[in-house]
>>> print(open('input.pdb').read())   # PDB, C-alpha atoms, pLDDT in the B column
ATOM      1  CA  MET L 299     -12.596 -20.720  -5.376  1.00 84.00           C
ATOM      2  CA  LYS L 300     -12.270 -23.328  -2.660  1.00 92.00           C
ATOM      3  CA  TYR L 301     -13.057 -21.156   0.408  1.00 95.00           C
ATOM      4  CA  ARG L 302     -15.782 -18.529   0.843  1.00 94.00           C
ATOM      5  CA  SER L 303     -13.423 -16.085   2.549  1.00 94.00           C
ATOM      6  CA  GLN L 304     -11.383 -15.893  -0.659  1.00 96.00           C
ATOM      7  CA  LYS L 305     -14.122 -13.591  -2.003  1.00 97.00           C
ATOM      8  CA  VAL L 306     -12.429 -10.806  -0.015  1.00 97.00           C
ATOM      9  CA  ALA L 307      -9.694 -10.888  -2.652  1.00 97.00           C
ATOM     10  CA  TYR L 308     -12.182  -9.746  -5.332  1.00 97.00           C
ATOM     11  CA  TRP L 309     -12.698  -6.407  -3.560  1.00 98.00           C
ATOM     12  CA  PHE L 310      -8.965  -5.893  -3.193  1.00 98.00           C
ATOM     13  CA  PHE L 311      -8.481  -6.609  -6.906  1.00 97.00           C
ATOM     14  CA  ALA L 312     -11.357  -4.263  -7.842  1.00 98.00           C
ATOM     15  CA  THR L 313      -9.764  -1.565  -5.676  1.00 98.00           C
ATOM     16  CA  CYS L 314      -6.424  -2.300  -7.327  1.00 97.00           C
ATOM     17  CA  MET L 315      -7.879  -1.739 -10.818  1.00 98.00           C
ATOM     18  CA  LEU L 316      -9.625   1.481  -9.765  1.00 98.00           C
ATOM     19  CA  LEU L 317      -6.391   2.859  -8.264  1.00 97.00           C
ATOM     20  CA  PHE L 318      -4.445   1.791 -11.354  1.00 98.00           C
ATOM     21  CA  SER L 319      -6.946   3.661 -13.558  1.00 98.00           C
ATOM     22  CA  LEU L 320      -6.552   6.778 -11.413  1.00 97.00           C
ATOM     23  CA  GLN L 321      -2.774   6.487 -11.686  1.00 97.00           C
ATOM     24  CA  ILE L 322      -3.069   6.427 -15.484  1.00 98.00           C
ATOM     25  CA  ILE L 323      -5.300   9.530 -15.407  1.00 96.00           C
ATOM     26  CA  TYR L 324      -2.736  11.407 -13.310  1.00 96.00           C
ATOM     27  CA  GLY L 325      -0.026  10.197 -15.684  1.00 96.00           C
ATOM     28  CA  PHE L 326      -1.948  11.762 -18.581  1.00 95.00           C
ATOM     29  CA  ILE L 327      -2.335  14.996 -16.614  1.00 94.00           C
ATOM     30  CA  MET L 328       1.454  15.133 -16.153  1.00 94.00           C
ATOM     31  CA  GLY L 329       2.081  14.134 -19.773  1.00 93.00           C
ATOM     32  CA  PHE L 330      -0.126  16.934 -21.093  1.00 92.00           C
ATOM     33  CA  ALA L 331       1.575  19.381 -18.705  1.00 91.00           C
ATOM     34  CA  HIS L 332       4.984  18.368 -20.128  1.00 87.00           C
ATOM     35  CA  MET L 333       3.671  19.067 -23.631  1.00 90.00           C
ATOM     36  CA  GLY L 334       2.623  22.553 -22.575  1.00 86.00           C
ATOM     37  CA  MET L 335      -1.083  21.754 -22.408  1.00 88.00           C
ATOM     38  CA  ASP L 336      -1.455  22.195 -18.679  1.00 82.00           C
ATOM     39  CA  GLY L 337      -4.931  23.705 -18.549  1.00 85.00           C
ATOM     40  CA  LEU L 338      -5.491  21.977 -15.203  1.00 86.00           C
ATOM     41  CA  HIS L 339      -2.423  23.573 -13.591  1.00 86.00           C
ATOM     42  CA  ASN L 340      -4.481  25.959 -11.450  1.00 87.00           C
ATOM     43  CA  ILE L 341      -6.538  23.026 -10.153  1.00 90.00           C
ATOM     44  CA  ILE L 342      -3.893  20.261 -10.139  1.00 92.00           C
ATOM     45  CA  PRO L 343      -0.325  21.614 -10.064  1.00 92.00           C
ATOM     46  CA  PHE L 344       2.365  19.339 -11.485  1.00 92.00           C
ATOM     47  CA  HIS L 345       3.933  18.509  -8.103  1.00 91.00           C
ATOM     48  CA  THR L 346       0.508  17.455  -6.792  1.00 93.00           C
ATOM     49  CA  ALA L 347      -0.097  15.270  -9.852  1.00 94.00           C
ATOM     50  CA  ARG L 348       3.349  13.665  -9.456  1.00 93.00           C
ATOM     51  CA  ALA L 349       2.857  12.938  -5.746  1.00 93.00           C
ATOM     52  CA  THR L 350      -0.589  11.499  -6.420  1.00 95.00           C
ATOM     53  CA  HIS L 351       0.650   9.464  -9.383  1.00 95.00           C
ATOM     54  CA  THR L 352       3.529   7.820  -7.484  1.00 91.00           C
ATOM     55  CA  ASN L 353       1.505   7.174  -4.340  1.00 91.00           C
ATOM     56  CA  LEU L 354      -1.328   5.613  -6.349  1.00 94.00           C
ATOM     57  CA  LEU L 355       1.297   3.214  -7.716  1.00 90.00           C
ATOM     58  CA  VAL L 356       2.203   2.111  -4.199  1.00 87.00           C
ATOM     59  CA  MET L 357      -1.458   1.827  -3.241  1.00 93.00           C
ATOM     60  CA  TRP L 358      -2.591  -0.304  -6.166  1.00 94.00           C
ATOM     61  CA  LEU L 359       0.433  -2.569  -5.812  1.00 89.00           C
ATOM     62  CA  LEU L 360      -0.334  -3.062  -2.116  1.00 89.00           C
ATOM     63  CA  ALA L 361      -4.034  -3.654  -2.801  1.00 94.00           C
ATOM     64  CA  GLY L 362      -3.173  -6.323  -5.388  1.00 94.00           C
ATOM     65  CA  PHE L 363      -0.583  -7.876  -3.099  1.00 90.00           C
ATOM     66  CA  MET L 364      -2.997  -7.994  -0.168  1.00 94.00           C
ATOM     67  CA  GLY L 365      -5.748  -9.431  -2.350  1.00 96.00           C
ATOM     68  CA  SER L 366      -3.380 -12.106  -3.621  1.00 94.00           C
ATOM     69  CA  ALA L 367      -2.426 -13.044  -0.071  1.00 95.00           C
ATOM     70  CA  TYR L 368      -6.086 -13.251   0.963  1.00 97.00           C
ATOM     71  CA  TYR L 369      -6.704 -15.549  -1.997  1.00 97.00           C
ATOM     72  CA  ILE L 370      -3.627 -17.789  -1.628  1.00 96.00           C
ATOM     73  CA  ILE L 371      -3.357 -18.228   2.149  1.00 97.00           C
ATOM     74  CA  PRO L 372      -6.693 -20.033   2.748  1.00 97.00           C
ATOM     75  CA  GLU L 373      -5.720 -22.659   0.181  1.00 96.00           C
ATOM     76  CA  GLU L 374      -2.210 -22.977   1.597  1.00 96.00           C
ATOM     77  CA  ALA L 375      -3.450 -23.245   5.203  1.00 97.00           C
ATOM     78  CA  GLU L 376      -6.514 -25.315   4.209  1.00 96.00           C
ATOM     79  CA  ARG L 377      -8.909 -23.149   6.203  1.00 97.00           C
ATOM     80  CA  GLU L 378     -11.010 -19.994   5.914  1.00 97.00           C
ATOM     81  CA  LEU L 379      -9.498 -16.634   6.865  1.00 97.00           C
ATOM     82  CA  VAL L 380      -9.710 -16.146  10.626  1.00 97.00           C
ATOM     83  CA  SER L 381     -11.985 -13.111  10.141  1.00 97.00           C
ATOM     84  CA  THR L 382     -13.549 -11.991   6.894  1.00 97.00           C
ATOM     85  CA  LYS L 383     -15.078  -8.984   8.679  1.00 97.00           C
ATOM     86  CA  LEU L 384     -11.630  -7.773   9.785  1.00 98.00           C
ATOM     87  CA  ALA L 385     -10.337  -8.258   6.226  1.00 98.00           C
ATOM     88  CA  TYR L 386     -13.126  -6.013   4.898  1.00 98.00           C
ATOM     89  CA  LEU L 387     -12.423  -3.509   7.685  1.00 97.00           C
ATOM     90  CA  GLN L 388      -8.755  -3.568   6.716  1.00 97.00           C
ATOM     91  CA  LEU L 389      -9.680  -2.821   3.077  1.00 98.00           C
ATOM     92  CA  ILE L 390     -12.003   0.027   4.074  1.00 98.00           C
ATOM     93  CA  SER L 391      -9.358   1.596   6.316  1.00 97.00           C
ATOM     94  CA  PHE L 392      -6.709   1.147   3.599  1.00 96.00           C
ATOM     95  CA  VAL L 393      -8.916   2.960   1.082  1.00 97.00           C
ATOM     96  CA  ALA L 394      -9.823   5.669   3.629  1.00 97.00           C
ATOM     97  CA  VAL L 395      -6.135   6.402   4.296  1.00 96.00           C
ATOM     98  CA  GLY L 396      -5.440   6.513   0.550  1.00 95.00           C
ATOM     99  CA  ILE L 397      -8.352   8.848  -0.200  1.00 95.00           C
ATOM    100  CA  THR L 398      -7.339  11.104   2.683  1.00 97.00           C
ATOM    101  CA  ALA L 399      -3.750  11.225   1.394  1.00 96.00           C
ATOM    102  CA  VAL L 400      -4.769  12.035  -2.191  1.00 95.00           C
ATOM    103  CA  ILE L 401      -7.199  14.751  -1.097  1.00 95.00           C
ATOM    104  CA  GLY L 402      -4.521  16.052   1.271  1.00 96.00           C
ATOM    105  CA  PHE L 403      -2.016  16.303  -1.594  1.00 95.00           C
ATOM    106  CA  HIS L 404      -4.470  18.550  -3.452  1.00 94.00           C
ATOM    107  CA  PHE L 405      -4.692  20.867  -0.440  1.00 94.00           C
ATOM    108  CA  GLY L 406      -0.967  20.926   0.319  1.00 92.00           C
ATOM    109  CA  TRP L 407      -1.049  18.443   3.230  1.00 94.00           C
ATOM    110  CA  TRP L 408       2.075  16.331   2.818  1.00 90.00           C
ATOM    111  CA  GLU L 409       5.619  15.938   4.067  1.00 87.00           C
ATOM    112  CA  GLY L 410       7.284  16.827   0.762  1.00 80.00           C
ATOM    113  CA  ARG L 411       9.615  13.822   0.909  1.00 82.00           C
ATOM    114  CA  LYS L 412       9.822  12.108  -2.468  1.00 78.00           C
ATOM    115  CA  PHE L 413       7.934   8.781  -2.404  1.00 77.00           C
ATOM    116  CA  LEU L 414       7.137   9.289   1.297  1.00 82.00           C
ATOM    117  CA  GLU L 415       4.823  12.262   0.929  1.00 88.00           C
ATOM    118  CA  ILE L 416       1.962  11.106   3.098  1.00 90.00           C
ATOM    119  CA  PRO L 417       1.665  13.097   6.330  1.00 91.00           C
ATOM    120  CA  ARG L 418       2.885  11.541   9.580  1.00 90.00           C
ATOM    121  CA  PRO L 419      -0.592  10.857  11.073  1.00 93.00           C
ATOM    122  CA  LEU L 420      -1.423   8.788   7.984  1.00 94.00           C
ATOM    123  CA  ASP L 421       1.898   6.941   8.336  1.00 91.00           C
ATOM    124  CA  TYR L 422       0.724   5.640  11.704  1.00 92.00           C
ATOM    125  CA  LEU L 423      -2.587   4.535  10.202  1.00 94.00           C
ATOM    126  CA  VAL L 424      -0.701   2.690   7.439  1.00 92.00           C
ATOM    127  CA  VAL L 425       1.296   0.832  10.094  1.00 90.00           C
ATOM    128  CA  VAL L 426      -1.901  -0.133  11.969  1.00 93.00           C
ATOM    129  CA  ASN L 427      -3.475  -1.272   8.697  1.00 94.00           C
ATOM    130  CA  VAL L 428      -0.484  -3.427   7.760  1.00 92.00           C
ATOM    131  CA  LEU L 429      -0.326  -4.898  11.276  1.00 93.00           C
ATOM    132  CA  LEU L 430      -3.988  -5.918  10.965  1.00 96.00           C
ATOM    133  CA  PHE L 431      -3.231  -7.483   7.587  1.00 96.00           C
ATOM    134  CA  ILE L 432      -0.230  -9.383   8.998  1.00 95.00           C
ATOM    135  CA  TYR L 433      -2.339 -10.553  11.943  1.00 97.00           C
ATOM    136  CA  LEU L 434      -5.056 -11.916   9.620  1.00 97.00           C
ATOM    137  CA  ILE L 435      -2.549 -13.719   7.396  1.00 97.00           C
ATOM    138  CA  GLY L 436      -0.464 -15.004  10.332  1.00 96.00           C
ATOM    139  CA  ALA L 437      -3.440 -16.203  12.378  1.00 97.00           C
ATOM    140  CA  THR L 438      -4.831 -18.010   9.336  1.00 97.00           C
ATOM    141  CA  ILE L 439      -1.499 -19.736   8.717  1.00 97.00           C
ATOM    142  CA  TRP L 440      -0.778 -20.676  12.347  1.00 96.00           C
ATOM    143  CA  THR L 441      -4.279 -22.085  12.950  1.00 97.00           C
ATOM    144  CA  GLY L 442      -4.450 -23.819   9.568  1.00 96.00           C
ATOM    145  CA  LYS L 443      -4.297 -27.547   8.900  1.00 95.00           C
ATOM    146  CA  ARG L 444      -0.959 -27.265   7.105  1.00 94.00           C
ATOM    147  CA  LYS L 445       1.977 -24.902   6.970  1.00 93.00           C
ATOM    148  CA  THR L 446       3.554 -24.750   3.534  1.00 95.00           C
ATOM    149  CA  THR L 447       6.779 -23.137   2.399  1.00 94.00           C
ATOM    150  CA  THR L 448       4.757 -20.737   0.236  1.00 93.00           C
ATOM    151  CA  ALA L 449       2.721 -19.587   3.219  1.00 95.00           C
ATOM    152  CA  MET L 450       5.777 -19.174   5.437  1.00 94.00           C
ATOM    153  CA  VAL L 451       7.764 -17.231   2.840  1.00 91.00           C
ATOM    154  CA  LEU L 452       4.745 -14.990   2.217  1.00 89.00           C
ATOM    155  CA  PHE L 453       4.217 -14.355   5.941  1.00 92.00           C
ATOM    156  CA  PHE L 454       7.848 -13.530   6.698  1.00 90.00           C
ATOM    157  CA  GLY L 455       8.061 -11.387   3.556  1.00 84.00           C
ATOM    158  CA  LEU L 456       5.054  -9.420   4.816  1.00 85.00           C
ATOM    159  CA  LEU L 457       6.618  -9.035   8.226  1.00 87.00           C
ATOM    160  CA  THR L 458       9.873  -7.808   6.704  1.00 84.00           C
ATOM    161  CA  ALA L 459       8.009  -5.367   4.445  1.00 80.00           C
ATOM    162  CA  ALA L 460       6.266  -3.900   7.479  1.00 81.00           C
ATOM    163  CA  LEU L 461       9.524  -3.553   9.402  1.00 84.00           C
ATOM    164  CA  LEU L 462      11.312  -1.846   6.504  1.00 82.00           C
ATOM    165  CA  TYR L 463       8.555   0.783   6.252  1.00 84.00           C
ATOM    166  CA  LEU L 464       9.308   1.994   9.786  1.00 87.00           C
ATOM    167  CA  PRO L 465      12.714   3.673   9.135  1.00 86.00           C
ATOM    168  CA  GLY L 466      10.972   6.191   6.855  1.00 84.00           C
ATOM    169  CA  MET L 467       9.025   7.368   9.885  1.00 88.00           C
ATOM    170  CA  ILE L 468      12.119   8.279  11.920  1.00 86.00           C
ATOM    171  CA  PRO L 469      11.941  12.058  12.455  1.00 85.00           C
ATOM    172  CA  THR L 470      15.123  13.944  11.600  1.00 86.00           C
ATOM    173  CA  ASP L 471      16.026  17.502  10.659  1.00 88.00           C
ATOM    174  CA  ASN L 472      19.207  16.387   8.887  1.00 91.00           C
ATOM    175  CA  GLN L 473      18.533  16.009   5.153  1.00 89.00           C
ATOM    176  CA  THR L 474      21.305  13.429   4.707  1.00 92.00           C
ATOM    177  CA  MET L 475      19.890  11.216   7.459  1.00 91.00           C
ATOM    178  CA  ASP L 476      16.380  11.725   6.088  1.00 88.00           C
ATOM    179  CA  SER L 477      17.570  10.589   2.649  1.00 87.00           C
ATOM    180  CA  TYR L 478      19.255   7.586   4.240  1.00 88.00           C
ATOM    181  CA  TRP L 479      16.056   6.472   5.996  1.00 86.00           C
ATOM    182  CA  ARG L 480      14.055   7.169   2.851  1.00 85.00           C
ATOM    183  CA  TRP L 481      16.514   4.933   0.975  1.00 83.00           C
ATOM    184  CA  TRP L 482      15.719   2.141   3.444  1.00 81.00           C
ATOM    185  CA  VAL L 483      12.041   2.364   2.620  1.00 82.00           C
ATOM    186  CA  VAL L 484      12.205   2.973  -1.113  1.00 80.00           C
ATOM    187  CA  HIS L 485      15.015   0.598  -2.068  1.00 78.00           C
ATOM    188  CA  LEU L 486      15.166  -2.090   0.588  1.00 71.00           C
ATOM    189  CA  TRP L 487      11.391  -2.267   0.819  1.00 66.00           C
ATOM    190  CA  VAL L 488      10.728  -2.458  -2.899  1.00 63.00           C
ATOM    191  CA  GLU L 489      13.822  -4.311  -4.074  1.00 67.00           C
ATOM    192  CA  GLY L 490      14.556  -6.427  -1.017  1.00 62.00           C
ATOM    193  CA  VAL L 491      11.070  -7.528  -0.042  1.00 61.00           C
ATOM    194  CA  GLY L 492       9.195  -7.098  -3.308  1.00 55.00           C
ATOM    195  CA  ASN L 493      11.363  -9.506  -5.266  1.00 51.00           C
TER     196      ASN L 493
END
>>> encode(input="input.pdb", output="structure tokens")
Amino acid sequence: MKYRSQKVAYWFFATCMLLFSLQIIYGFIMGFAHMGMDGLHNIIPFHTARATHTNLLVMWLLAGFMGSAYYIIPEEAERELVSTKLAYLQLISFVAVGITAVIGFHFGWWEGRKFLEIPRPLDYLVVVNVLLFIYLIGATIWTGKRKTTTAMVLFFGLLTAALLYLPGMIPTDNQTMDSYWRWWVVHLWVEGVGN
């Protein structure tokens, strides 16, 4: 590790592994339910387990992605992160939103839209969290000693990922339009930006 601020990445990776473990647990809960051994059904109904399982996937992928960016960008820019404290704050808020969403799923607080289940107030917090992340990465790059292709591609990929999350927040009563905007998030976000 060349820069002290890269230690932030460790906590993102640790969070990533914890969320991945929880996703596996919820996968087992659903697997046992499919086999007819759903003793937890009164506590964790199948639809709650499925929503939690798929959203934990998104969360651990994002945590790993953010941790990777916090590790790579200081070396690419040849400088420390602009604010390690804000990076830790961003992680704490990311985890708080995720915990709130998962607990909410267990108490029926969700939108019921496949892969976009988190309630609207949490959507806004996700956007604020991602904007803080983009600010930290962008400010580190723009004030760094060098600007590499890797850093630029990563920054603009992050920016695009944030922009493609927004269509899923467009309120509509029309199910066809809702599915269209959901398609923007699920497919363009994952397949267009993630690759």
>>> resolve_selection(input="input.pdb", expression="the PyMOL selection byres ((chain L and resi 446-453) around 10)", output="PyMOL selection string")
chain L and resi 367+370-375+432-433+435-436+438-440+443-445+454-459
>>> residues_around(input="input.pdb", residues="Gln388 of chain L", least_positions_apart="4", cutoff="12 Å", atoms="all atoms listed in the file", output="list in words")
Val306, Ala307, Trp309, Phe310, Ala361, Met364, Gly365, Tyr368, Ser381, Thr382, Lys383, Leu384, Phe392, Val393, Ala394, Val395, Leu423, Val424, Val425, Val426, Asn427, Val428, Leu429, Leu430, Phe431, Ile432, Tyr433, Leu434 and Ile435 of chain L
>>> axis_aligned_box(input="input.pdb", around="segment 460-465 of chain L", padding_each_side="4 Å", output="AutoDock Vina command-line options")
--center_x 9.5 --center_y -0.1 --center_z 8.0 --size_x 14.4 --size_y 15.6 --size_z 11.5
>>> closest_residue(input="input.pdb", among="L:Ile468, L:Ala347, L:Ile341, L:Cys314", to="Phe326 of chain L", atoms="only C-alpha atoms")
L:Ala347
>>> closest_residue(input="input.pdb", among="L:Leu387, L:Tyr324, L:Ala460, L:Ala399", to="Leu338 of chain L", atoms="all atoms listed in the file")
L:Tyr324
>>> decode(input="input.pdb", residues="segment 334-383 of chain L", atoms="C-alpha atoms", output="PDB file, in the first residue's frame")
ATOM      1  CA  GLY L 334     -40.502 -27.528   1.325  1.00  0.00           C
ATOM      2  CA  MET L 335     -38.488 -26.931   4.485  1.00  0.00           C
ATOM      3  CA  ASP L 336     -39.630 -23.380   5.063  1.00  0.00           C
ATOM      4  CA  GLY L 337     -39.774 -23.356   8.853  1.00  0.00           C
ATOM      5  CA  LEU L 338     -38.800 -19.676   8.806  1.00  0.00           C
ATOM      6  CA  HIS L 339     -41.722 -18.681   6.564  1.00  0.00           C
ATOM      7  CA  ASN L 340     -43.640 -16.997   9.393  1.00  0.00           C
ATOM      8  CA  ILE L 341     -40.558 -14.933  10.260  1.00  0.00           C
ATOM      9  CA  ILE L 342     -39.015 -14.478   6.789  1.00  0.00           C
ATOM     10  CA  PRO L 343     -41.537 -14.955   3.963  1.00  0.00           C
ATOM     11  CA  PHE L 344     -40.116 -16.008   0.601  1.00  0.00           C
ATOM     12  CA  HIS L 345     -40.725 -12.642  -1.096  1.00  0.00           C
ATOM     13  CA  THR L 346     -38.850 -10.894   1.730  1.00  0.00           C
ATOM     14  CA  ALA L 347     -35.940 -13.333   1.436  1.00  0.00           C
ATOM     15  CA  ARG L 348     -35.822 -12.823  -2.349  1.00  0.00           C
ATOM     16  CA  ALA L 349     -35.862  -9.020  -2.086  1.00  0.00           C
ATOM     17  CA  THR L 350     -33.165  -9.113   0.582  1.00  0.00           C
ATOM     18  CA  HIS L 351     -31.076 -11.618  -1.371  1.00  0.00           C
ATOM     19  CA  THR L 352     -31.073  -9.600  -4.615  1.00  0.00           C
ATOM     20  CA  ASN L 353     -30.502  -6.259  -2.908  1.00  0.00           C
ATOM     21  CA  LEU L 354     -27.601  -7.665  -0.880  1.00  0.00           C
ATOM     22  CA  LEU L 355     -26.056  -8.633  -4.227  1.00  0.00           C
ATOM     23  CA  VAL L 356     -26.214  -5.028  -5.406  1.00  0.00           C
ATOM     24  CA  MET L 357     -24.866  -3.781  -2.085  1.00  0.00           C
ATOM     25  CA  TRP L 358     -21.846  -6.065  -1.864  1.00  0.00           C
ATOM     26  CA  LEU L 359     -20.971  -5.417  -5.500  1.00  0.00           C
ATOM     27  CA  LEU L 360     -21.120  -1.661  -4.896  1.00  0.00           C
ATOM     28  CA  ALA L 361     -19.095  -1.939  -1.682  1.00  0.00           C
ATOM     29  CA  GLY L 362     -16.385  -3.910  -3.507  1.00  0.00           C
ATOM     30  CA  PHE L 363     -16.453  -1.513  -6.442  1.00  0.00           C
ATOM     31  CA  MET L 364     -16.167   1.528  -4.183  1.00  0.00           C
ATOM     32  CA  GLY L 365     -13.367  -0.079  -2.190  1.00  0.00           C
ATOM     33  CA  SER L 366     -11.504  -0.873  -5.395  1.00  0.00           C
ATOM     34  CA  ALA L 367     -11.835   2.723  -6.558  1.00  0.00           C
ATOM     35  CA  TYR L 368     -10.576   4.026  -3.208  1.00  0.00           C
ATOM     36  CA  TYR L 369      -7.581   1.711  -3.529  1.00  0.00           C
ATOM     37  CA  ILE L 370      -6.752   2.363  -7.204  1.00  0.00           C
ATOM     38  CA  ILE L 371      -7.341   6.115  -7.544  1.00  0.00           C
ATOM     39  CA  PRO L 372      -4.652   7.333  -5.088  1.00  0.00           C
ATOM     40  CA  GLU L 373      -2.027   5.365  -7.002  1.00  0.00           C
ATOM     41  CA  GLU L 374      -3.335   6.571 -10.358  1.00  0.00           C
ATOM     42  CA  ALA L 375      -3.495  10.221  -9.233  1.00  0.00           C
ATOM     43  CA  GLU L 376      -0.291   9.933  -7.157  1.00  0.00           C
ATOM     44  CA  ARG L 377      -1.855  11.546  -4.099  1.00  0.00           C
ATOM     45  CA  GLU L 378      -3.881  10.698  -0.996  1.00  0.00           C
ATOM     46  CA  LEU L 379      -7.682  10.759  -1.156  1.00  0.00           C
ATOM     47  CA  VAL L 380      -8.931  14.319  -0.710  1.00  0.00           C
ATOM     48  CA  SER L 381     -10.740  13.319   2.508  1.00  0.00           C
ATOM     49  CA  THR L 382     -10.426  10.019   4.310  1.00  0.00           C
ATOM     50  CA  LYS L 383     -13.012  11.180   6.867  1.00  0.00           C
TER      51      LYS L 383
END
